[in-house]
Each structure stands twice: as C-alpha cells, then as structure tokens.
Amino acid sequence: MTELAIDDLLTAATPAEVLAELYTLLEDLDLPTTTWESGDPLRTVLAILAQVLGGYSTLQVVMVKSGFLDEAEQGWLTLVAREVYGVERIEATAASTDVTLVNSGGGVYSFDPGELVVKNGTTNATYTNTAIVSLGASTTLTGVNVQAQDLGSAGNAAIGQINTLITQLTDVTVTNPTAAAGTDEETDEALRARCRLKLGALSPNGPARAYEYVALTPELNGGVAVTRVKLLPPPGDGTLTVVIAGAAGVLSGGDVALVQAGIDEWATPSSVDATVVSATGVALSPTVDLFVSTAAGMSNSDWQTAAKNALLAWVPTLPIGGVDLGAGGIVSYRAMIGVLEAINGYVLEARVTPASDTALSATQVATLDEGDITVSVTQVTV
C-alpha cells in the first residue's frame with residue numbers, strides 16, 4: 001500500500017490531475033485512449049468525472065484539515081477550538097457611541113429604537129438609535145446612543161465623523177462628541193494562539209500562559225476586548241505586573257478592574273500578587289508622502305484613504321513595548337513605509353516623517369488616530 005505524505009493529505013487534486021490519472025488507469029487496462037477523438041462520448045464522460053472527483057478531493061482536504069488546530073480554518077477551526085480546547089471564538093461587536101442632535105427648527109420628532117438612522121460621512125457606515133428618542137423644537141439633545149448596523153471595525157468612527165442624517169429631519173444636525181469603536185471577529189491565528197494558551201493555563205508549570213489566556217478571553221475577564229498582553233519580568237518578591245491593551249491601545253480603569261478580577265479568580269496562585277495595569281499610550285502622528293502611478297486610476301482622496309486605513313489597521317497589531325530588534329522596543333518607521341508600499345502594486349515610493357523610530361518602554365503601546373495622519377499624494381505617469 002502506498003504511504004501518503006502529510007502534504008498529500010492536505011493538497012487537493014485538480015480536475016486536470018484527476019483526468020490524467022484516469023487516462024493512466026485506462027491505459028494500464030490496454031484501452032485505446034489515444035484513438036479517442038475530441039468530442040468522443042468517452043472523453044466527455046471522463047472530463048465530467050474528473051470535475052466531480054476534483055470537487056470531492058477539495059472537500060476531503062477540508063475535512064482532513066478540520067481535525068487539526070494548525071490546519072483547520074474558519075468554521076472548522078471554531079469547532080476544533082470549542083470541542084477540543086473548550087475555547088469559544090470571540091465574536092465581532094458593533095461599534096456604539098452617543099451622538100448629539102441639534103434641532104434649530106420647530107419640528108418635534110420621536111423615534112422608537114432602530115428608527116433613527118445616521119451616517120458616518122467619511123466611511124458611509126450607518127448607525128441606529130438603541131432607545132426611544134424624543135427631540136423637541138429648538139432643543140439640543142445629548143447622549144443619544146447609536147449602534148453601528150455592521151459588526152466589527154467597519155463601524156468605527158472618530159470624533160465628529162457621524163455627521164449625516166439618513167432619516168430626514170428638517171433643521172436638525174447630528175454629531176458624535178465621542179468616538180465609536182467595534183471589534184472584529186477573532187482571527188484564525190489569534191484563536192489558535194488562545195487555544196495553546198488554554199493548555200498552558202491548565203498546567204502548574206505554565207502560569208504565564210494562564211494570565212494571558214484569562215486576560216484575552218472575554219468570558220473570563222468580564223467581557224473586556226483585550227488584544228495584547230505583556231507580563232513584566234517578576235522582581236522575585238511574589239509580585240507580578242500584567243500589562244494589557246485593546247485595539248485602540250489604552251484601556252479604561254473600569255476595564256482594567258474587570259480584567260484584574262478575572263485574573264484574581266482564574267489565574268493567580270495564592271503565593272503571587274498579580275497587578276493588572278493598562279499600557280500607556282504613545283500617540284503617533286506620521287506625515288506621509290506617497291508617490292503613486294496614474295495607471296491605478298485612483299484619485300488623491302482614494303490614495304489618502306487607502307494609506308490611512310493601512311496604518312490604522314497595522315498599529316493595533318504592534319505588541320506592548322514595541323518590536324525589540326535588540327536595542328529596546330520601537331515602532332519602526334521603516335516598517336511603516338513597508339506597510340504603505342504594500343497597499344498595492346501602484347505605489348512607487350512612500351516616505352514617512354519623522355524618519356526615525358519611536359522608542360517604547362516595556363509598558364507603553366503605540367496608538368494612532370485618523371486625524372493624526374497627514375498624507376500627501378504625488379501622481380506619476382510611468
């Protein structure tokens with residue numbers, strides 16, 4: 001019996017490969033396959049069979065992968081994490097914030113939850129009210145809570161970006177004095193990492209993993225969306241500092257208290273005094289000069305949005321304390337350039353000012369707001 005290599009188990013056969021194998025088998029049976037002309041019914045049947053078997057091969061590979069943590073993906077990985085490791089994938093959350101409605105006219109308006117629709121004028125994300133809204137004539141109504149209609153970071157909004165009314169209200173304006181932030185569904189990579197942390201949390205030799213697992217798991221940390229955890233080197237006196245950060249960097253005192261309670265309950269041995277603190281934010285404010293090809297057919301505004309989105313997606317992936325290349329943690333401006341030049345193949349060159357790395361201490365985390373990014377675009381005909 002031929003022994004299959006692991007790569008063979010994880011690689012689907014294409015219809016062309018299946019068809020070639022079918023012809024080889026038929027030739028081994030001394031059938032005159034070389035005399036069959038194009039359009040011959042037997043050739044047509046074999047071609048159809050190859051397509052069907054190729055599809056089955058793809059399904060078989062997916063099913064083989066589904067049993068292994070490193071190979072399973074998407075829904076299959078969710079099942080592996082749940083059934084094997086007892087870990088639930090963290091679901092996406094909807095961004096929410098309070099908006100202010102200013103009625104400068106004489107109209108009186110009332111809305112049940114979900115009836116008032118407002119829009120982010122920059123991203124076109126839409127939001128609806130979560131409670132009854134009553135807006136009188138010539139009044140300003142604050143604290144109107146709205147929630148994004150799409151889950152995840154697609155509903156994020158900086159201060160002032162929710163500035164458009166979809167529901168038609170005469171002489172009424174809307175704005176958001178506070179930002180809105182949602183979280184995306186946990187990635188496959190992050191879920192695999194938490195599954196491994198779960199194993200460490202079960203071991204008396206792996207308390208560091210226990211702290212990380214509890215801090216990153218909403219079911220255990222009070223529902224806080226922690227995305228990064230760092231344990232400072234213990235001083236040897238029975239104390240330990242656990243530094244945490246969220247997608248936007250700094251976490252509130254209330255969130256820190258919830259994570260502290262979770263770690264006290266689920267992770268801290270009786271001989272250790274663990275203290276949870278939020279990372280301290282270090283704000284970045286890059287100025288970007290982007291040189292691009294006119295062949296892309298993109299406007300300067302499109303390029304500015306693409307550059308900002310690339311940086312806003314990259315900064316939350318940086319670890320607490322920055323990337324240590326041997327001389328302490330930093331945010332590398334060269335890495336920032338790489339992120340910008342990877343937007344697409346039409347970026348000819350990206351320059352970033354300041355052209356120097358940003359140093360971070362062990363408890364600091366890089367933060368970046370859209371309003372702190374300046375992008376200049378030069379279109380070049382090549």
# chains A, B, ... in the order shown; residues from 1 in each chain; ligands from 1
call {"tool": "closest_atom_pairs", "arguments": {"of": "stretch 136-251 of chain A", "to": "stretch 90-99 of chain A", "cutoff": "12 Å", "atoms": "only C-alpha atoms", "output": "Markdown table"}}
result
| residue | atom | partner | partner_atom | distance |
| --- | --- | --- | --- | --- |
| A:Thr140 | CA | A:Val99 | CA | 10.7 |
| A:Leu141 | CA | A:Val99 | CA | 8.5 |
| A:Thr142 | CA | A:Val99 | CA | 6.4 |
| A:Gly143 | CA | A:Asp98 | CA | 4.9 |
| A:Val144 | CA | A:Asp98 | CA | 5.0 |
| A:Asn145 | CA | A:Asp98 | CA | 4.2 |
| A:Val146 | CA | A:Ser96 | CA | 5.6 |
| A:Gln147 | CA | A:Ser96 | CA | 4.2 |
| A:Ala148 | CA | A:Ala95 | CA | 5.3 |
| A:Gln149 | CA | A:Ala94 | CA | 7.2 |
| A:Asp150 | CA | A:Ala94 | CA | 6.5 |
| A:Leu151 | CA | A:Ala94 | CA | 4.4 |
| A:Gly152 | CA | A:Ala92 | CA | 5.1 |
| A:Ser153 | CA | A:Ala95 | CA | 7.2 |
| A:Ala154 | CA | A:Ala95 | CA | 8.4 |
| A:Gly155 | CA | A:Ala95 | CA | 5.4 |
| A:Asn156 | CA | A:Ala95 | CA | 5.8 |
| A:Ala157 | CA | A:Ala95 | CA | 8.1 |
| A:Ala158 | CA | A:Thr97 | CA | 10.3 |
| A:Ile159 | CA | A:Thr97 | CA | 9.8 |
| A:Gly160 | CA | A:Val99 | CA | 9.2 |
| A:Gln161 | CA | A:Val99 | CA | 10.4 |
| A:Ile162 | CA | A:Val99 | CA | 7.8 |
| A:Asn163 | CA | A:Val99 | CA | 9.1 |
| A:Thr164 | CA | A:Val99 | CA | 11.1 |
| A:Leu165 | CA | A:Val99 | CA | 11.4 |
| A:Thr173 | CA | A:Val99 | CA | 10.2 |
| A:Val174 | CA | A:Val99 | CA | 6.7 |
| A:Thr175 | CA | A:Val99 | CA | 5.6 |
| A:Asn176 | CA | A:Val99 | CA | 4.3 |
| A:Pro177 | CA | A:Val99 | CA | 6.6 |
| A:Thr178 | CA | A:Thr97 | CA | 6.5 |
| A:Ala179 | CA | A:Thr97 | CA | 6.5 |
| A:Ala180 | CA | A:Thr97 | CA | 5.1 |
| A:Ala181 | CA | A:Ala95 | CA | 4.6 |
| A:Gly182 | CA | A:Ala95 | CA | 3.8 |
| A:Thr183 | CA | A:Thr93 | CA | 5.2 |
| A:Asp184 | CA | A:Ala92 | CA | 4.4 |
| A:Glu185 | CA | A:Ala92 | CA | 4.0 |
| A:Glu186 | CA | A:Ile90 | CA | 5.2 |
| A:Thr187 | CA | A:Ile90 | CA | 8.7 |
| A:Asp188 | CA | A:Ile90 | CA | 10.4 |
| A:Ala190 | CA | A:Ile90 | CA | 9.6 |
| A:Leu191 | CA | A:Ile90 | CA | 8.1 |
| A:Arg192 | CA | A:Ile90 | CA | 11.9 |
| A:Arg194 | CA | A:Ile90 | CA | 10.4 |
| A:Leu216 | CA | A:Ile90 | CA | 9.6 |
| A:Thr217 | CA | A:Ile90 | CA | 7.8 |
| A:Pro218 | CA | A:Ile90 | CA | 7.6 |
| A:Glu219 | CA | A:Ile90 | CA | 9.2 |
| A:Leu220 | CA | A:Ile90 | CA | 11.9 |
| A:Gly223 | CA | A:Ile90 | CA | 10.1 |
| A:Val224 | CA | A:Ile90 | CA | 11.0 |
| A:Ala225 | CA | A:Ile90 | CA | 9.1 |
| A:Val226 | CA | A:Ile90 | CA | 10.8 |
| A:Thr227 | CA | A:Ile90 | CA | 10.9 |
call {"tool": "write_last_selection", "arguments": {"atoms": "C-alpha atoms", "output": "JSON list (two decimals), in the first residue's frame"}}
result
[["chain", "number", "residue", "atom", "x", "y", "z"],
["A", 140, "THR", "CA", -30.28, 70.17, 21.78],
["A", 141, "LEU", "CA", -30.47, 66.52, 22.79],
["A", 142, "THR", "CA", -27.27, 64.88, 24.05],
["A", 143, "GLY", "CA", -26.50, 61.30, 24.98],
["A", 144, "VAL", "CA", -28.45, 59.65, 22.15],
["A", 145, "ASN", "CA", -26.89, 56.21, 21.93],
["A", 146, "VAL", "CA", -26.47, 54.76, 18.44],
["A", 147, "GLN", "CA", -25.05, 51.44, 17.30],
["A", 148, "ALA", "CA", -23.44, 50.51, 14.00],
["A", 149, "GLN", "CA", -25.55, 48.36, 11.72],
["A", 150, "ASP", "CA", -22.48, 46.41, 10.60],
["A", 151, "LEU", "CA", -20.39, 44.44, 13.09],
["A", 152, "GLY", "CA", -16.70, 44.99, 13.63],
["A", 153, "SER", "CA", -14.28, 47.80, 12.92],
["A", 154, "ALA", "CA", -16.26, 48.76, 9.79],
["A", 155, "GLY", "CA", -18.48, 50.76, 12.15],
["A", 156, "ASN", "CA", -15.65, 52.65, 13.86],
["A", 157, "ALA", "CA", -15.94, 56.43, 13.87],
["A", 158, "ALA", "CA", -13.62, 59.17, 15.02],
["A", 159, "ILE", "CA", -15.00, 62.18, 16.89],
["A", 160, "GLY", "CA", -17.22, 64.24, 14.59],
["A", 161, "GLN", "CA", -17.45, 61.70, 11.77],
["A", 162, "ILE", "CA", -21.08, 60.73, 12.44],
["A", 163, "ASN", "CA", -22.45, 63.89, 10.88],
["A", 164, "THR", "CA", -25.17, 62.89, 8.40],
["A", 165, "LEU", "CA", -28.84, 62.14, 8.93],
["A", 173, "THR", "CA", -27.93, 68.24, 12.66],
["A", 174, "VAL", "CA", -26.04, 65.37, 14.27],
["A", 175, "THR", "CA", -22.50, 64.87, 15.53],
["A", 176, "ASN", "CA", -20.66, 62.46, 17.80],
["A", 177, "PRO", "CA", -18.58, 64.03, 20.61],
["A", 178, "THR", "CA", -17.01, 60.66, 21.42],
["A", 179, "ALA", "CA", -15.50, 58.01, 19.17],
["A", 180, "ALA", "CA", -17.19, 54.70, 18.31],
["A", 181, "ALA", "CA", -15.17, 51.50, 18.28],
["A", 182, "GLY", "CA", -16.20, 47.96, 17.45],
["A", 183, "THR", "CA", -14.08, 44.81, 17.36],
["A", 184, "ASP", "CA", -13.74, 42.36, 14.50],
["A", 185, "GLU", "CA", -14.29, 38.64, 14.87],
["A", 186, "GLU", "CA", -11.26, 36.88, 16.28],
["A", 187, "THR", "CA", -8.90, 35.79, 13.51],
["A", 188, "ASP", "CA", -7.91, 32.17, 12.98],
["A", 190, "ALA", "CA", -5.47, 34.62, 17.31],
["A", 191, "LEU", "CA", -7.88, 31.76, 18.08],
["A", 192, "ARG", "CA", -5.11, 29.18, 17.60],
["A", 194, "ARG", "CA", -5.58, 31.26, 22.65],
["A", 216, "LEU", "CA", -7.57, 37.70, 26.38],
["A", 217, "THR", "CA", -10.80, 35.75, 26.98],
["A", 218, "PRO", "CA", -13.96, 37.86, 27.42],
["A", 219, "GLU", "CA", -15.82, 35.02, 29.16],
["A", 220, "LEU", "CA", -13.26, 35.16, 31.96],
["A", 223, "GLY", "CA", -16.17, 40.99, 28.70],
["A", 224, "VAL", "CA", -13.23, 43.31, 28.04],
["A", 225, "ALA", "CA", -11.84, 43.33, 24.48],
["A", 226, "VAL", "CA", -8.16, 42.84, 25.32],
["A", 227, "THR", "CA", -5.99, 42.29, 22.23]]
call {"tool": "select_by_dssp", "arguments": {"residues": "stretch 315-374 of chain A", "states": "alpha helix (DSSP H)", "output": "MDAnalysis selection string"}}
result
chainID A and resid 333:341
call {"tool": "write_last_selection", "arguments": {"atoms": "N, CA and C atoms", "output": "mmCIF file, in the first residue's frame"}}
result
data_model
loop_
_atom_site.group_PDB
_atom_site.id
_atom_site.type_symbol
_atom_site.label_atom_id
_atom_site.label_comp_id
_atom_site.auth_asym_id
_atom_site.auth_seq_id
_atom_site.Cartn_x
_atom_site.Cartn_y
_atom_site.Cartn_z
ATOM 1 N N TYR A 333 9.876 53.143 11.758
ATOM 2 C CA TYR A 333 9.345 53.944 10.646
ATOM 3 C C TYR A 333 9.564 53.231 9.323
ATOM 4 N N ARG A 334 10.600 52.379 9.254
ATOM 5 C CA ARG A 334 10.825 51.606 8.027
ATOM 6 C C ARG A 334 9.711 50.581 7.829
ATOM 7 N N ALA A 335 9.260 49.978 8.933
ATOM 8 C CA ALA A 335 8.126 49.059 8.836
ATOM 9 C C ALA A 335 6.873 49.799 8.382
ATOM 10 N N MET A 336 6.719 51.035 8.846
ATOM 11 C CA MET A 336 5.577 51.847 8.424
ATOM 12 C C MET A 336 5.630 52.092 6.925
ATOM 13 N N ILE A 337 6.815 52.372 6.417
ATOM 14 C CA ILE A 337 6.987 52.548 4.976
ATOM 15 C C ILE A 337 6.606 51.268 4.241
ATOM 16 N N GLY A 338 7.019 50.120 4.781
ATOM 17 C CA GLY A 338 6.681 48.839 4.160
ATOM 18 C C GLY A 338 5.185 48.609 4.086
ATOM 19 N N VAL A 339 4.480 49.000 5.154
ATOM 20 C CA VAL A 339 3.017 48.861 5.165
ATOM 21 C C VAL A 339 2.395 49.706 4.063
ATOM 22 N N LEU A 340 2.893 50.920 3.894
ATOM 23 C CA LEU A 340 2.346 51.820 2.883
ATOM 24 C C LEU A 340 2.658 51.339 1.472
ATOM 25 N N GLU A 341 3.876 50.852 1.257
ATOM 26 C CA GLU A 341 4.260 50.407 -0.086
ATOM 27 C C GLU A 341 3.607 49.089 -0.458
#
call {"tool": "atom_distance", "arguments": {"atom1": "atom CA of A:Ala210", "atom2": "atom CA of A:Val323"}}
result
23.1 Å
call {"tool": "closest_atom_pairs", "arguments": {"of": "stretch 314-365 of chain A", "to": "stretch 257-281 of chain A", "cutoff": "9 Å", "atoms": "only C-alpha atoms", "output": "tab-separated table"}}
result
residue	atom	partner	partner_atom	distance
A:Ile320	CA	A:Ala279	CA	7.1
A:Gly321	CA	A:Ala279	CA	8.7
A:Ala362	CA	A:Ala279	CA	8.8
A:Thr363	CA	A:Ala279	CA	5.2
A:Gln364	CA	A:Thr280	CA	4.6
A:Val365	CA	A:Gly281	CA	5.1
call {"tool": "write_last_selection", "arguments": {"atoms": "C-alpha atoms", "output": "PDB file, in the first residue's frame"}}
result
ATOM      1  CA  ILE A 320       3.051  46.252  24.008  1.00  0.00           C
ATOM      2  CA  GLY A 321       6.550  47.640  24.356  1.00  0.00           C
ATOM      3  CA  ALA A 362       8.006  47.957  28.384  1.00  0.00           C
ATOM      4  CA  THR A 363       4.586  49.292  29.443  1.00  0.00           C
ATOM      5  CA  GLN A 364       3.860  51.589  26.510  1.00  0.00           C
ATOM      6  CA  VAL A 365       1.773  50.870  23.429  1.00  0.00           C
TER       7      VAL A 365
END
call {"tool": "select_by_dssp", "arguments": {"residues": "stretch 40-197 of chain A", "states": "strand (DSSP E or B)", "output": "MDAnalysis selection string"}}
result
chainID A and resid 96:103 109:111 117:120 126:129 133:135 140:148 157 162:165 172:175 180
call {"tool": "write_last_selection", "arguments": {"atoms": "C-alpha atoms", "output": "tab-separated table (two decimals), in the first residue's frame"}}
result
chain	number	residue	atom	x	y	z
A	96	SER	CA	-21.56	52.32	19.54
A	97	THR	CA	-21.38	55.85	20.88
A	98	ASP	CA	-23.56	58.76	21.94
A	99	VAL	CA	-24.49	61.45	19.43
A	100	THR	CA	-25.84	64.95	19.88
A	101	LEU	CA	-28.90	66.14	17.94
A	102	VAL	CA	-29.40	69.87	17.47
A	103	ASN	CA	-32.87	70.97	16.35
A	109	TYR	CA	-39.70	64.20	16.46
A	110	SER	CA	-40.00	60.85	18.22
A	111	PHE	CA	-38.38	57.55	17.27
A	117	VAL	CA	-30.60	56.30	11.11
A	118	VAL	CA	-27.43	58.38	10.96
A	119	LYS	CA	-24.28	58.00	8.88
A	120	ASN	CA	-20.52	58.36	9.12
A	126	THR	CA	-24.70	53.69	9.29
A	127	TYR	CA	-25.99	53.63	12.86
A	128	THR	CA	-29.40	53.38	14.53
A	129	ASN	CA	-30.70	54.52	17.91
A	133	VAL	CA	-35.60	59.30	21.14
A	134	SER	CA	-37.78	62.36	21.69
A	135	LEU	CA	-36.50	65.60	20.16
A	140	THR	CA	-30.28	70.17	21.78
A	141	LEU	CA	-30.47	66.52	22.79
A	142	THR	CA	-27.27	64.88	24.05
A	143	GLY	CA	-26.50	61.30	24.98
A	144	VAL	CA	-28.45	59.65	22.15
A	145	ASN	CA	-26.89	56.21	21.93
A	146	VAL	CA	-26.47	54.76	18.44
A	147	GLN	CA	-25.05	51.44	17.30
A	148	ALA	CA	-23.44	50.51	14.00
A	157	ALA	CA	-15.94	56.43	13.87
A	162	ILE	CA	-21.08	60.73	12.44
A	163	ASN	CA	-22.45	63.89	10.88
A	164	THR	CA	-25.17	62.89	8.40
A	165	LEU	CA	-28.84	62.14	8.93
A	172	VAL	CA	-31.66	69.03	12.57
A	173	THR	CA	-27.93	68.24	12.66
A	174	VAL	CA	-26.04	65.37	14.27
A	175	THR	CA	-22.50	64.87	15.53
A	180	ALA	CA	-17.19	54.70	18.31
call {"tool": "residues_around", "arguments": {"residues": "stretch 28-33 of chain A", "least_positions_apart": "5", "cutoff": "10 Å", "atoms": "only C-alpha atoms", "output": "number ranges by chain"}}
result
A: 22-23, 42-43
call {"tool": "atom_distance", "arguments": {"atom1": "atom CA of A:Val352", "atom2": "atom CA of A:Val288"}}
result
4.8 Å
call {"tool": "residues_around", "arguments": {"residues": "A:Asp302", "least_positions_apart": "4", "cutoff": "12 Å", "atoms": "only C-alpha atoms", "output": "number ranges by chain"}}
result
A: 122-123, 290, 292, 296-298, 306-309, 343, 375-377, 379
call {"tool": "write_last_selection", "arguments": {"atoms": "C-alpha atoms", "output": "short mmCIF file (atom, residue, chain, number, x, y, z; two decimals), in the first residue's frame"}}
result
data_model
loop_
_atom_site.label_atom_id
_atom_site.label_comp_id
_atom_site.auth_asym_id
_atom_site.auth_seq_id
_atom_site.Cartn_x
_atom_site.Cartn_y
_atom_site.Cartn_z
CA THR A 122 -16.27 59.59 5.95
CA THR A 123 -16.80 55.82 5.81
CA LEU A 290 3.07 58.89 -1.26
CA VAL A 292 1.93 56.56 -6.98
CA ALA A 296 -4.07 52.88 -10.85
CA GLY A 297 -6.89 55.24 -11.82
CA MET A 298 -7.29 56.33 -8.19
CA ALA A 306 -6.01 53.78 1.50
CA ALA A 307 -2.87 55.00 3.25
CA LYS A 308 -4.73 55.93 6.43
CA ASN A 309 -6.61 52.63 6.50
CA ILE A 343 -1.05 48.86 -0.34
CA VAL A 375 -0.96 62.15 3.64
CA SER A 376 0.32 63.98 0.56
CA VAL A 377 -0.04 62.22 -2.80
CA GLN A 379 0.71 61.05 -9.08
#
call {"tool": "atom_distance", "arguments": {"atom1": "atom CA of A:Arg196", "atom2": "atom CA of A:Thr239"}}
result
24.8 Å
call {"tool": "closest_residue", "arguments": {"among": "A:Leu25, A:Asp372, A:Pro41, A:Leu59", "to": "A:Ala13", "atoms": "only C-alpha atoms"}}
result
A:Leu59
call {"tool": "closest_residue", "arguments": {"among": "A:Leu348, A:Leu77, A:Ala359, A:Ala50", "to": "A:Gly322", "atoms": "only C-alpha atoms"}}
result
A:Ala359
call {"tool": "residues_around", "arguments": {"residues": "A:Thr358", "least_positions_apart": "3", "cutoff": "7 Å", "atoms": "only C-alpha atoms", "output": "ChimeraX atom specification"}}
result
/A:330-332
call {"tool": "write_last_selection", "arguments": {"atoms": "C-alpha atoms", "output": "tab-separated table (two decimals), in the first residue's frame"}}
result
chain	number	residue	atom	x	y	z
A	330	ILE	CA	10.40	50.53	18.96
A	331	VAL	CA	7.82	51.41	16.35
A	332	SER	CA	9.89	51.18	13.19
